[in-house]
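For reference, the structure is listed below as structure tokens.
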Amino acid sequence: MLEALDPATEHGQVYRALVALPRTTVGALAAETGIEAERVRQVLHELAGLRIAVALNLEGTAWEANSPTEITESFLQRDAVRRAELRRTGTELERLFRFARKENGSYGPLEVISDTDQILATMQQLQRAARREVRVVDRPPYFAPPSYYAAQEKLQYERMAAGVAYRTIYYEAAFSDTTVPDIADMVTAGEQARTLEDLPMKLVIGDDELAVVTLEADSGPGVVALLVRTSSLFTALSNTFETLWKLAVPVSAAGVDAPEDPRDRQILTLMAIGATDDAIARRLNLSRRTVVRRVAVLQERLGATTRFQAGVQAARRGWL
């Protein structure tokens with residue numbers, strides 16, 4: 001399904017042409033895409049199997065695209081499945097945490113720290129040791145004193161100036177949380193930041209060597225941290241971060257109101273399936289210049305770097 005939404009693939013090119021050319025033929029699609037007719041026919045049958053395209057006759061010579069909105073909704077449903085998988089990962093971590101505590105605090109690549117000062121010192125040490133990248137999932141609980149967050153801002157500035165990349169995923173309410181360091185300042189300094197409504201854990205990863213997961217303590221107030229070194233569990237945490245990163249929305253898009261003009265919603269829907277400016281102009285009966293201008297404005301509002309990303313992010317924000 002993702003290939004059908006990606007204009008860089010044959011499936012994406014055929015579906016984009018099908019969107020621009022209603023009730024069209026295999027020959028016309030081959031001419032539009034530059035793909036051999038036999039391959040176009042094969043791709044169309046694969047798209048039909050995914051309910052993305054439909055044959056209009058038994059011979060399979062005439063074809064029509066299914067609604068881009070329906071395709072995008074199906075994509076979002078798959079996102080929901082991925083979110084459920086992430087929650088299961090969090091549950092598995094909780095089981096590991098309980099097991100580790102029964103084993104007097106550590107085993108193999110996993111170590112449990114319950115002292116708050118040691119947890120904070122470990123997270124700063126992780127950042128100082130990183131040479132390439134620090135990845136962060138930033139959500140409550142916030143348990144450090146204000147002086148720590150001031151020191152953290154300074155440390156992050158220093159590490160970014162030294163060439164260490166920071167990618168941070170903030171929970172959406174972070175913009176109104178005074179405990180969180182100034183996100184705008186961090187982004188200006190070079191941090192890559194995104195937001196997501198539902199974050200399953202608080203996580204910091206240094207390069208490909210150490211991860212720190214912070215959890216609320218089971219008994220009484222306070223927190224505990226899981227230190228995870230290179231292992232299959234570390235790989236699972238790294239993959240979890242990358243999945244969350246793909247689901248998250250760039251910070252510049254957070255808090256942006258949905259477009260009021262219904263044409264903008266139509267443009268975003270067509271962008272999500274990779275339609276060209278010319279195809280959008282033909283479908284919506286607009287001038288190409290108008291489409292180019294509106295696309296640029298919409299991408300800027302969403303903080304998207306590609307047309308496809310803008311369409312998908314708009315769908316995730318409920319704009320379509």
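By order in the structure tokens, chains are A, B, ...; within a chain, residues start at 1; ligands start at 1, following the order shown.
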
What residues in range 83-311 of chain A get the DSSP label alpha helix (DSSP H)? Please answer as a PyMOL selection string. chain A and resi 83-102+116-129+146-161+183-189+232-247+262-272+277-284+288-302+307-311

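With distances restricted to only C-alpha atoms, A:Glu216 is the closest residue to Phe143 in chain A from A:Asp207, A:Asp261, A:Glu64, A:Glu216.
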
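In terms of minimum interatomic distance to Leu270 in chain A, A:Pro68 ranks closest within A:Pro68, A:Pro141, A:Pro250, A:Pro7, counting only C-alpha atoms.
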
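For the set A:Met186, A:Val223, A:Ile267, A:Ala31, the residue with the smallest atom-to-atom gap to Thr290 in chain A is A:Ile267, counting only C-alpha atoms.
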
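Here CA of Ala62 in chain A and CA of Glu32 in chain A stand 14.7 Å from one another.
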
Counting only C-alpha atoms, what is within 6 Å of range 230-246 of chain A, bar same-chain residues fewer than 2 positions away, as a ChimeraX atom specification? /A:209,228,248

May I have the residues within 12 Å of Met271 in chain A as a VMD selection string, using only C-alpha atoms and disregarding those fewer than 2 positions away in the same chain? chain A and resid 5 to 7 12 16 19 to 20 68 to 69 72 264 to 269 273 to 281 291 to 292 294 to 296 298 to 299 304 306 to 315 320

Determine the nearest neighbour of Val112 in chain A from the options A:Glu94, A:Glu133, A:Val26, A:Val249, counting only C-alpha atoms. A:Glu94

Which residues are close to Thr61 in chain A, i.e. within 10 Å by only C-alpha atoms, leaving aside same-chain residues fewer than 4 positions away? Reply as a VMD selection string. chain A and resid 23 to 27 41 55 to 57

Would you mind exporting the chosen residues as a short mmCIF file (atom, residue, chain, number, x, y, z; two decimals), in the first residue's frame, restricted to all heavy atoms?
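Printed below is part-v4.cif as written:
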```cif
data_model
loop_
_atom_site.label_atom_id
_atom_site.label_comp_id
_atom_site.auth_asym_id
_atom_site.auth_seq_id
_atom_site.Cartn_x
_atom_site.Cartn_y
_atom_site.Cartn_z
N ARG A 23 -11.26 6.66 -15.57
CA ARG A 23 -11.81 5.67 -16.51
C ARG A 23 -10.91 5.54 -17.74
O ARG A 23 -11.34 5.72 -18.86
CB ARG A 23 -13.23 6.07 -16.92
CG ARG A 23 -14.20 6.25 -15.74
CD ARG A 23 -15.58 6.63 -16.20
NE ARG A 23 -16.20 5.55 -16.96
CZ ARG A 23 -16.83 4.51 -16.42
NH1 ARG A 23 -16.92 4.41 -15.08
NH2 ARG A 23 -17.36 3.58 -17.18
N THR A 24 -9.69 5.20 -17.47
CA THR A 24 -8.70 5.18 -18.54
C THR A 24 -8.29 3.76 -18.90
O THR A 24 -8.76 2.78 -18.31
CB THR A 24 -7.46 5.99 -18.12
OG1 THR A 24 -6.61 6.19 -19.25
CG2 THR A 24 -6.67 5.26 -17.03
N THR A 25 -7.40 3.64 -19.90
CA THR A 25 -6.99 2.34 -20.41
C THR A 25 -5.55 2.03 -20.05
O THR A 25 -4.78 2.93 -19.67
CB THR A 25 -7.13 2.29 -21.94
OG1 THR A 25 -6.21 3.24 -22.51
CG2 THR A 25 -8.56 2.63 -22.37
N VAL A 26 -5.18 0.77 -20.21
CA VAL A 26 -3.81 0.36 -19.94
C VAL A 26 -2.86 1.10 -20.86
O VAL A 26 -1.79 1.57 -20.44
CB VAL A 26 -3.66 -1.16 -20.13
CG1 VAL A 26 -2.19 -1.57 -20.05
CG2 VAL A 26 -4.47 -1.91 -19.09
N GLY A 27 -3.24 1.25 -22.12
CA GLY A 27 -2.39 1.95 -23.07
C GLY A 27 -2.16 3.40 -22.69
O GLY A 27 -1.04 3.91 -22.79
N ARG A 41 -0.17 -3.40 -16.71
CA ARG A 41 -1.28 -4.31 -16.47
C ARG A 41 -1.04 -5.13 -15.18
O ARG A 41 -1.94 -5.31 -14.36
CB ARG A 41 -1.43 -5.26 -17.67
CG ARG A 41 -2.73 -6.08 -17.65
CD ARG A 41 -2.73 -7.08 -18.81
NE ARG A 41 -2.42 -6.43 -20.07
CZ ARG A 41 -3.28 -5.78 -20.82
NH1 ARG A 41 -4.54 -5.70 -20.42
NH2 ARG A 41 -2.91 -5.23 -21.96
N ALA A 55 -10.96 -2.65 -11.93
CA ALA A 55 -11.18 -2.86 -13.36
C ALA A 55 -12.64 -2.57 -13.70
O ALA A 55 -13.55 -2.97 -12.97
CB ALA A 55 -10.81 -4.28 -13.75
N LEU A 56 -12.86 -1.88 -14.82
CA LEU A 56 -14.21 -1.50 -15.21
C LEU A 56 -14.85 -2.51 -16.14
O LEU A 56 -16.03 -2.38 -16.48
CB LEU A 56 -14.18 -0.11 -15.86
CG LEU A 56 -13.67 1.02 -14.96
CD1 LEU A 56 -13.66 2.33 -15.72
CD2 LEU A 56 -14.53 1.16 -13.71
N ASN A 57 -14.07 -3.49 -16.60
CA ASN A 57 -14.64 -4.54 -17.45
C ASN A 57 -13.91 -5.85 -17.19
O ASN A 57 -12.85 -5.88 -16.57
CB ASN A 57 -14.59 -4.15 -18.93
CG ASN A 57 -13.19 -3.79 -19.38
OD1 ASN A 57 -12.20 -4.36 -18.91
ND2 ASN A 57 -13.09 -2.85 -20.30
#
```

Identify all residues of range 134-225 of chain A in strand (DSSP E) (DSSP on the backbone) and supply them as an NGL selection string. :A and (134-138 or 165-171 or 192-196 or 202-206 or 210-216 or 223-225)
